[in-house]
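Source file protein-v7.cif; content: mmCIF, C-alpha atoms.
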data_final
#
loop_
_atom_site.group_PDB
_atom_site.id
_atom_site.type_symbol
_atom_site.label_atom_id
_atom_site.label_comp_id
_atom_site.auth_asym_id
_atom_site.auth_seq_id
_atom_site.Cartn_x
_atom_site.Cartn_y
_atom_site.Cartn_z
ATOM 1 C CA GLY A 17 91.200 9.656 208.725
ATOM 2 C CA ALA A 18 92.766 6.252 209.112
ATOM 3 C CA VAL A 19 95.393 5.174 206.588
ATOM 4 C CA VAL A 20 95.508 1.785 204.916
ATOM 5 C CA SER A 21 98.336 0.764 202.615
ATOM 6 C CA GLN A 22 98.600 -2.017 200.075
ATOM 7 C CA HIS A 23 101.620 -3.560 198.449
ATOM 8 C CA PRO A 24 102.316 -3.993 195.632
ATOM 9 C CA SER A 25 100.256 -1.401 193.790
ATOM 10 C CA ARG A 26 100.643 -3.213 190.517
ATOM 11 C CA VAL A 27 101.807 -6.693 189.607
ATOM 12 C CA ILE A 28 102.161 -8.555 186.339
ATOM 13 C CA CYS A 29 102.751 -12.280 186.510
ATOM 14 C CA LYS A 30 102.706 -15.358 184.361
ATOM 15 C CA SER A 31 99.824 -17.784 184.433
ATOM 16 C CA GLY A 32 100.278 -20.438 187.107
ATOM 17 C CA THR A 33 102.270 -18.354 189.538
ATOM 18 C CA SER A 34 101.097 -17.201 192.960
ATOM 19 C CA VAL A 35 100.840 -13.572 193.981
ATOM 20 C CA LYS A 36 100.742 -12.201 197.513
ATOM 21 C CA ILE A 37 99.157 -8.853 198.300
ATOM 22 C CA GLU A 38 99.700 -7.159 201.647
ATOM 23 C CA CYS A 39 97.260 -4.829 203.375
ATOM 24 C CA ARG A 40 98.364 -2.799 206.373
ATOM 25 C CA SER A 41 96.577 -0.399 208.674
ATOM 26 C CA LEU A 42 99.220 2.228 209.390
ATOM 27 C CA ASP A 43 97.848 4.269 212.254
ATOM 28 C CA PHE A 44 95.235 2.075 213.856
ATOM 29 C CA GLN A 45 94.621 -1.515 214.823
ATOM 30 C CA ALA A 46 92.169 -3.176 212.477
ATOM 31 C CA THR A 47 90.066 -5.865 214.079
ATOM 32 C CA THR A 48 88.407 -6.607 210.772
ATOM 33 C CA MET A 49 89.774 -6.436 207.253
ATOM 34 C CA PHE A 50 87.890 -6.940 204.030
ATOM 35 C CA TRP A 51 89.065 -7.976 200.587
ATOM 36 C CA TYR A 52 87.272 -6.809 197.464
ATOM 37 C CA ARG A 53 87.711 -7.378 193.761
ATOM 38 C CA GLN A 54 86.597 -4.956 191.103
ATOM 39 C CA PHE A 55 86.502 -5.608 187.375
ATOM 40 C CA PRO A 56 86.548 -2.650 184.956
ATOM 41 C CA LYS A 57 83.394 -0.535 185.097
ATOM 42 C CA GLN A 58 81.809 -2.873 187.632
ATOM 43 C CA SER A 59 80.987 -2.464 191.291
ATOM 44 C CA LEU A 60 82.977 -3.677 194.271
ATOM 45 C CA MET A 61 82.634 -7.365 194.969
ATOM 46 C CA LEU A 62 83.324 -8.494 198.519
ATOM 47 C CA MET A 63 85.493 -11.590 198.469
ATOM 48 C CA ALA A 64 86.083 -12.270 202.141
ATOM 49 C CA THR A 65 86.134 -10.853 205.627
ATOM 50 C CA SER A 66 88.978 -11.573 207.997
ATOM 51 C CA ASN A 67 89.336 -11.071 211.708
ATOM 52 C CA GLU A 68 92.693 -11.131 213.422
ATOM 53 C CA GLY A 69 93.641 -14.594 214.562
ATOM 54 C CA SER A 70 90.745 -16.442 212.989
ATOM 55 C CA LYS A 71 89.908 -17.959 209.633
ATOM 56 C CA ALA A 72 88.526 -15.728 206.942
ATOM 57 C CA THR A 73 84.861 -15.841 206.003
ATOM 58 C CA TYR A 74 84.481 -16.129 202.258
ATOM 59 C CA GLU A 75 81.560 -14.895 200.208
ATOM 60 C CA GLN A 76 79.572 -17.348 198.169
ATOM 61 C CA GLY A 77 81.328 -18.292 194.977
ATOM 62 C CA VAL A 78 84.816 -17.299 196.125
ATOM 63 C CA GLU A 79 87.238 -20.235 196.221
ATOM 64 C CA LYS A 80 88.992 -20.222 199.569
ATOM 65 C CA ASP A 81 91.727 -22.547 198.313
ATOM 66 C CA LYS A 82 92.521 -20.182 195.485
ATOM 67 C CA PHE A 83 92.355 -16.943 197.448
ATOM 68 C CA LEU A 84 94.240 -17.538 200.677
ATOM 69 C CA ILE A 85 93.766 -14.918 203.346
ATOM 70 C CA ASN A 86 95.877 -14.547 206.453
ATOM 71 C CA HIS A 87 95.178 -11.953 209.121
ATOM 72 C CA ALA A 88 98.168 -12.554 211.342
ATOM 73 C CA SER A 89 98.109 -9.320 213.309
ATOM 74 C CA LEU A 90 95.904 -6.327 213.997
ATOM 75 C CA THR A 91 97.725 -4.330 211.333
ATOM 76 C CA LEU A 92 98.382 -6.848 208.570
ATOM 77 C CA SER A 93 96.286 -9.038 206.313
ATOM 78 C CA THR A 94 97.525 -10.814 203.205
ATOM 79 C CA LEU A 95 95.720 -12.166 200.173
ATOM 80 C CA THR A 96 97.494 -14.789 198.102
ATOM 81 C CA VAL A 97 96.123 -15.585 194.671
ATOM 82 C CA THR A 98 97.352 -19.108 194.047
ATOM 83 C CA SER A 99 98.012 -20.447 190.562
ATOM 84 C CA ALA A 100 96.778 -17.249 189.003
ATOM 85 C CA HIS A 101 95.135 -17.317 185.589
ATOM 86 C CA PRO A 102 94.227 -14.513 183.179
ATOM 87 C CA GLU A 103 90.630 -14.465 184.472
ATOM 88 C CA ASP A 104 92.011 -13.493 187.888
ATOM 89 C CA SER A 105 93.267 -10.212 186.429
ATOM 90 C CA SER A 106 91.444 -7.536 188.369
ATOM 91 C CA PHE A 107 91.752 -4.664 190.824
ATOM 92 C CA TYR A 108 92.049 -6.038 194.354
ATOM 93 C CA ILE A 109 91.238 -3.658 197.187
ATOM 94 C CA CYS A 110 91.422 -4.188 200.915
ATOM 95 C CA SER A 111 89.704 -2.213 203.614
ATOM 96 C CA ALA A 112 90.016 -2.127 207.353
ATOM 97 C CA SER A 113 87.797 -1.148 210.222
ATOM 98 C CA LEU A 114 88.467 -0.573 213.879
ATOM 99 C CA GLY A 115 85.878 -2.932 215.238
ATOM 100 C CA SER A 116 83.512 -5.722 214.329
ATOM 101 C CA GLY A 117 80.234 -3.905 214.659
ATOM 102 C CA GLY A 118 78.498 -0.715 215.567
ATOM 103 C CA GLU A 119 79.335 2.426 213.687
ATOM 104 C CA ASP A 120 82.812 1.477 212.488
ATOM 105 C CA THR A 121 83.866 2.963 209.204
ATOM 106 C CA GLN A 122 85.762 1.049 206.550
ATOM 107 C CA TYR A 123 88.905 2.680 205.203
ATOM 108 C CA PHE A 124 90.201 1.470 201.878
ATOM 109 C CA GLY A 125 93.716 0.792 200.733
ATOM 110 C CA PRO A 126 94.843 2.160 197.357
ATOM 111 C CA GLY A 127 94.329 -1.176 195.616
ATOM 112 C CA THR A 128 96.490 -3.628 193.715
ATOM 113 C CA ARG A 129 96.094 -4.066 189.992
ATOM 114 C CA LEU A 130 96.857 -7.655 189.031
ATOM 115 C CA THR A 131 97.517 -8.642 185.444
ATOM 116 C CA VAL A 132 98.030 -12.319 184.686
ATOM 117 C CA LEU A 133 99.550 -13.047 181.296
ATOM 118 C CA GLN B 10 65.407 -6.504 195.669
ATOM 119 C CA LYS B 11 68.981 -5.312 196.059
ATOM 120 C CA GLU B 12 69.968 -4.354 199.580
ATOM 121 C CA VAL B 13 71.383 -0.977 198.544
ATOM 122 C CA GLU B 14 70.180 0.634 195.343
ATOM 123 C CA GLN B 15 71.570 3.564 193.432
ATOM 124 C CA ASN B 16 70.847 4.980 190.015
ATOM 125 C CA SER B 17 73.880 4.072 187.923
ATOM 126 C CA GLY B 18 73.735 7.345 186.012
ATOM 127 C CA PRO B 19 75.587 8.989 184.528
ATOM 128 C CA LEU B 20 74.353 12.117 186.257
ATOM 129 C CA SER B 21 75.565 15.184 184.421
ATOM 130 C CA VAL B 22 75.528 18.644 186.019
ATOM 131 C CA PRO B 23 77.116 21.935 184.983
ATOM 132 C CA GLU B 24 79.985 23.373 186.992
ATOM 133 C CA GLY B 25 78.710 25.341 189.970
ATOM 134 C CA ALA B 26 75.398 23.495 190.199
ATOM 135 C CA ILE B 27 74.170 21.240 192.989
ATOM 136 C CA ALA B 28 74.562 17.519 192.332
ATOM 137 C CA SER B 29 72.059 15.298 194.128
ATOM 138 C CA LEU B 30 72.834 11.613 194.554
ATOM 139 C CA ASN B 31 70.281 9.237 196.010
ATOM 140 C CA CYS B 32 70.362 5.814 197.586
ATOM 141 C CA THR B 33 67.712 3.511 199.037
ATOM 142 C CA TYR B 34 68.237 0.529 201.300
ATOM 143 C CA SER B 35 66.138 -2.462 202.266
ATOM 144 C CA ASP B 36 67.066 -3.202 205.907
ATOM 145 C CA ARG B 37 64.850 -0.875 207.928
ATOM 146 C CA GLY B 38 66.944 -1.322 211.052
ATOM 147 C CA SER B 39 70.223 -0.179 209.459
ATOM 148 C CA GLN B 40 72.122 2.243 211.639
ATOM 149 C CA SER B 41 75.195 3.395 209.756
ATOM 150 C CA PHE B 42 75.389 5.031 206.359
ATOM 151 C CA PHE B 43 78.404 6.061 204.325
ATOM 152 C CA TRP B 44 79.243 7.855 201.108
ATOM 153 C CA TYR B 45 82.449 7.033 199.246
ATOM 154 C CA ARG B 46 83.917 8.612 196.125
ATOM 155 C CA GLN B 47 85.834 6.495 193.634
ATOM 156 C CA TYR B 48 87.828 7.978 190.801
ATOM 157 C CA SER B 49 88.443 5.809 187.773
ATOM 158 C CA GLY B 50 91.234 3.342 188.463
ATOM 159 C CA LYS B 51 91.451 4.270 192.138
ATOM 160 C CA SER B 52 90.062 2.793 195.316
ATOM 161 C CA PRO B 53 87.092 4.318 197.178
ATOM 162 C CA GLU B 54 87.696 7.149 199.608
ATOM 163 C CA LEU B 55 85.351 8.073 202.434
ATOM 164 C CA ILE B 56 83.466 11.337 202.036
ATOM 165 C CA MET B 57 81.009 11.234 204.891
ATOM 166 C CA PHE B 58 79.158 9.030 207.298
ATOM 167 C CA ILE B 59 75.802 9.681 208.915
ATOM 168 C CA TYR B 60 73.979 7.873 211.679
ATOM 169 C CA SER B 61 71.029 10.092 212.630
ATOM 170 C CA ASN B 62 68.008 11.328 210.725
ATOM 171 C CA GLY B 63 68.424 14.733 209.186
ATOM 172 C CA ASP B 64 71.259 16.559 207.509
ATOM 173 C CA LYS B 65 74.986 16.478 208.103
ATOM 174 C CA GLU B 66 77.165 19.042 206.407
ATOM 175 C CA ASP B 67 80.891 18.942 205.694
ATOM 176 C CA GLY B 68 82.171 21.668 203.423
ATOM 177 C CA ARG B 69 80.429 21.407 200.060
ATOM 178 C CA PHE B 70 78.932 18.036 200.945
ATOM 179 C CA THR B 71 75.661 17.405 202.755
ATOM 180 C CA ALA B 72 74.420 13.954 203.621
ATOM 181 C CA GLN B 73 70.709 13.534 204.269
ATOM 182 C CA LEU B 74 69.191 10.545 206.021
ATOM 183 C CA ASN B 75 65.542 9.607 206.235
ATOM 184 C CA LYS B 76 65.168 6.305 208.024
ATOM 185 C CA ALA B 77 61.378 6.255 207.734
ATOM 186 C CA SER B 78 61.659 6.343 203.950
ATOM 187 C CA GLN B 79 64.834 4.290 203.935
ATOM 188 C CA TYR B 80 66.842 6.629 201.807
ATOM 189 C CA VAL B 81 70.063 8.507 202.130
ATOM 190 C CA SER B 82 71.277 11.197 199.780
ATOM 191 C CA LEU B 83 74.394 13.223 199.122
ATOM 192 C CA LEU B 84 74.304 16.805 197.916
ATOM 193 C CA ILE B 85 77.381 18.396 196.400
ATOM 194 C CA ARG B 86 77.159 22.171 196.242
ATOM 195 C CA ASP B 87 79.155 24.272 193.786
ATOM 196 C CA SER B 88 80.071 21.162 191.810
ATOM 197 C CA GLN B 89 83.521 21.156 190.245
ATOM 198 C CA PRO B 90 84.902 19.088 187.353
ATOM 199 C CA SER B 91 87.150 17.411 189.934
ATOM 200 C CA ASP B 92 84.009 16.010 191.570
ATOM 201 C CA SER B 93 83.470 13.832 188.505
ATOM 202 C CA ALA B 94 83.672 10.293 189.869
ATOM 203 C CA THR B 95 81.557 7.347 190.912
ATOM 204 C CA TYR B 96 79.827 7.808 194.261
ATOM 205 C CA LEU B 97 79.167 4.717 196.333
ATOM 206 C CA CYS B 98 76.478 4.537 198.971
ATOM 207 C CA ALA B 99 77.178 2.049 201.748
ATOM 208 C CA VAL B 100 74.967 0.765 204.550
ATOM 209 C CA ARG B 101 75.719 -1.304 207.610
ATOM 210 C CA PRO B 102 72.681 -3.508 208.329
ATOM 211 C CA THR B 103 71.367 -4.192 211.795
ATOM 212 C CA GLY B 104 73.738 -6.293 213.860
ATOM 213 C CA GLY B 105 76.091 -6.754 210.941
ATOM 214 C CA PHE B 106 79.770 -6.052 210.580
ATOM 215 C CA LYS B 107 79.821 -6.113 206.802
ATOM 216 C CA THR B 108 79.049 -2.933 204.974
ATOM 217 C CA ILE B 109 76.803 -3.358 201.962
ATOM 218 C CA PHE B 110 77.779 -1.217 198.980
ATOM 219 C CA GLY B 111 75.584 0.042 196.210
ATOM 220 C CA ALA B 112 76.766 -0.238 192.629
ATOM 221 C CA GLY B 113 77.513 3.477 192.502
ATOM 222 C CA THR B 114 76.327 6.529 190.588
ATOM 223 C CA ARG B 115 78.623 8.076 187.999
ATOM 224 C CA LEU B 116 78.709 11.857 188.194
ATOM 225 C CA PHE B 117 79.996 14.127 185.433
ATOM 226 C CA VAL B 118 80.493 17.807 186.163
ATOM 227 C CA LYS B 119 80.775 19.773 182.925
ATOM 228 C CA ALA B 120 83.102 22.756 182.865
#
Could you render the structure from this file as structure tokens?
Amino acid sequence: GAVVSQHPSRVICKSGTSVKIECRSLDFQATTMFWYRQFPKQSLMLMATSNEGSKATYEQGVEKDKFLINHASLTLSTLTVTSAHPEDSSFYICSASLGSGGEDTQYFGPGTRLTVL
Amino acid sequence: QKEVEQNSGPLSVPEGAIASLNCTYSDRGSQSFFWYRQYSGKSPELIMFIYSNGDKEDGRFTAQLNKASQYVSLLIRDSQPSDSATYLCAVRPTGGFKTIFGAGTRLFVKA
């Protein structure tokens, strides 16, 4: 199957700092990438969908100015959590798919665990 | 009504038994269906996808799709303790590019 990487796998930061998470598709070109957040013992929550070269589409309730998404190329998307606070501590997971419709499968990265002190 | 519904469990089965996980969806025109496994603290990993009515087998896993009844299931034969995880059902609605995930069913396989 397709491989998606994320970096870093774990980050601890102080409140008020910004954190950038990278998501890369290693062996395929991802037209669409998705960013999810998952709190302990809860289900995946889709935050936003990004297509290469265009602005991300955010889900209702997700602050686009706080969670900046850049999908600069077909293999790289970044999520920046700006001015992070303890309530932003969560497991952030990206996924990538080959196309924008049809039967395309989403492949998940290993996730980034963010802890904001 | 949630778009993709799963019993949260936990579903507990003895080692060697068949585990049956079920999922229903609301969009009758959905075309693509996926099962993911998520271990605690890890991200989801794809187990199987199915597009056509009927059964699809891959090793110990069988996905079953019934579009008329709007349900998809996953059978795990010869369950092993290492199968203990949360299983996520995912559906791609008609004309959509977002995959809708269920909340997951927790499975425990007792040794």
- For the file shown, what are the residues hit by the PyMOL selection byres ((chain B) within 10 of (chain A)), laid out as an MDAnalysis selection string? chainID B and resid 40:43 45 49:55 57:60 95 97 99 101:113
- Message: Using all atoms listed in the file, which protein or nucleic acid residues come within 10 Å of Ala26 in chain B? Drop anything in the same chain fewer than 6 positions from it, and give the result as a ChimeraX atom specification.
- Response: /B:85-89,118-119
Care to translate the PyMOL selection byres ((chain A and resi 31) around 6) into actual residues of this file, as an mmCIF file with C-alpha atoms, in the frame of the given file?
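The file below, expr_38.cif, is the result:
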data_model
loop_
_atom_site.group_PDB
_atom_site.id
_atom_site.type_symbol
_atom_site.label_atom_id
_atom_site.label_comp_id
_atom_site.auth_asym_id
_atom_site.auth_seq_id
_atom_site.Cartn_x
_atom_site.Cartn_y
_atom_site.Cartn_z
ATOM 1 C CA LYS A 30 102.706 -15.358 184.361
ATOM 2 C CA GLY A 32 100.278 -20.438 187.107
ATOM 3 C CA THR A 33 102.270 -18.354 189.538
ATOM 4 C CA ALA A 100 96.778 -17.249 189.003
ATOM 5 C CA HIS A 101 95.135 -17.317 185.589
ATOM 6 C CA VAL A 132 98.030 -12.319 184.686
ATOM 7 C CA LEU A 133 99.550 -13.047 181.296
#
- Name all residues at most 6 Å from range 90-97 of chain A (count all atoms listed in the file; drop same-chain ones fewer than 3 positions away) and give them as a ChimeraX atom specification. /A:34-41,45-47,68,82-87,100
- How many Å separate CA of Tyr34 in chain B from CA of Val81 in chain B? 8.2 Å
- Item | Surrounding residues of Met63 in chain A excluding itself and chain neighbours under 4 positions, 9 Å, only C-alpha atoms, as a count of residues only | 11
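Going from CA of Tyr48 in chain B to CA of Ser17 in chain B covers 14.8 Å.
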